[in-house]
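Each remark here refers to the structure printed beneath this line.
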Amino acid sequence: MSAFPMLFPNSAFPINLTTIAMMILAGLVVIIFLRVAASRLSVREPGKMQNLVEWIIEFTANMAKDTMPSQRLVQWVLPLAFTMLLFLFVSNWLGVIATVSINTNHPIPWLGITAQKLAQAHGEVPLYDSPTANMSMTLGMAFMVWVISHFQGLKTPRKWLRHYKNPMFIIEEITNPLTHGMRLYGNIFAGEALIGVILSIPILYHVIPIGLPLLLVWLFYSAFVSSIQAYVFTILMTLYIGHKSYGEQTDH
Amino acid sequence: MFELGTFVVSIVTFLILFLIIRKVGFEPLNNMLEKRRQYVMNELSEAERARKMSESQLNEQKAILEDAKRQVKEMLDTARVRADDQAREILLQAQEEAQRLLESSRQLIERERAEAMNAVLASVASLTVQLSEGLLRHHVTETEHQSMMDEAQQRLGELVC
């Protein structure tokens, strides 16, 4: 278990600074990417960048069309789905490209890096990591989606309430956000954990890196999983929100 | 290991990032996409309209051409008919003219012949009288001479006619 730098480590409200910083970094990457794309917008002659971004928007819109009951809701959810897709994609990839840790033997108690934790983590303090490799963050995203979907549902309270005649749906309300968040976390965390394990394979006779082919294979697979998980999380988000939009069910 | 602080702060962070990204990145791109769609639709409808217009214009031109051809044919036909008529008329006039000329010249000849004949008669009569005077050696009075002239003229006229 890595020793993440924490704010308020011993209270009931610990904040993982690496995760939040990485979220902001991922957001900045997305913003810069979109600004670069937006700086060369043209109605008549779209550039490669513009084509790419338009393709992403089109892709997200198709995704939303498949899961949302009406065209109005597709337009409503489109910015959120677009942001979520790009943000998660970048977040997942950040960890595949690199994870950076510093090795320290100096405990910093106010950041939660205690001597005991350092000993557990062999002195590794991660500073650069996928934000989605943190369970609390992915569950936070899933919870946010859950809240949005119920806001949609409560626009028509009677239908929303009638939905819960069957108690199975109450269980679903717990399992859906839980699996939604844990799926993303599990995939990304497992990918990074295995990369770390492969990296720790010793180099034979100090020249033959026996772990290298394994690492390459796993990096490719991780990259694939990172892209797929961003897609899966986003489409499940539109699906959950779409399912709760009872008011618009008619014009599908 | 669940961290409540990370949970809450990541939601807040994401929402802030979402608002920024929507404002800064998504909306201009989506507007552009919308504009592009509008532009393409406009171009398509414009092209369709232009095609229809050119088609109708082509038809119009064809109709005008057809009309012009028809008119030319008509004009040619009427011109031909008129030319034929005129030619016939001219021919008739010419024939008439010729007839008239022939007639008048014939009359002229007749008249001149008659005049010449009269002149000859007069001179023959006077010659006859002079001859008879010479033969008769007879003094003839003016009145007798006149009566003889008349007689001779009358006789000659009867003889000639």
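How things are named: the first chain in the structure tokens is A, the next is B, and so on; residues count from 1 in each chain; ligands count from 1 in the order shown.
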
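In this structure, the chain B residues at most 7 Å away from chain A are Phe2, Glu3, Leu4, Gly5, Thr6, Phe7, Val8, Ser10, Ile11, Leu17, Phe18, Ile21, Arg22, Gly25, Phe26, Pro28, Leu29, Met32, Leu33, Lys35 and Arg36 of chain B, with only C-alpha atoms considered.
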
- Considering only C-alpha atoms, return as an MDAnalysis selection string whatever protein or nucleic-acid residues lie within 8 Å of range 142-156 of chain B, sequence-local ones (same chain, fewer than 3 positions apart) excluded. chainID B and resid 121:122 125:126 128:129 159:160

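Remark: for Ser226 in chain A, the closest of the candidate residues A:Lys117, A:Lys48, A:Arg183, A:His122 is A:Arg183 (distances computed over only C-alpha atoms).
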
- Task: Find the spatial neighbours of Thr67 in chain A, counting only C-alpha atoms, within a cut-off of 8 Å - ignore same-chain residues fewer than 6 positions away - and output them as a PyMOL selection string.
- Result: chain A and resi 235+238-239+242-243

- Determine which residues of range 8-252 of chain A receive a DSSP assignment of alpha helix (DSSP H), computed from the backbone, and state them as a ChimeraX atom specification. /A:17-39,48-67,71-97,115-120,135-153,157-162,168-199,212-244

- Taking the chain letters and numbering used in this document, name the residues of range 18-242 of chain A that DSSP puts in strand (DSSP E), as number ranges by chain. A: 100-103, 124-128

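If you look at CA of Ala190 in chain A and CA of Tyr240 in chain A, they are 25.4 Å away from each other.
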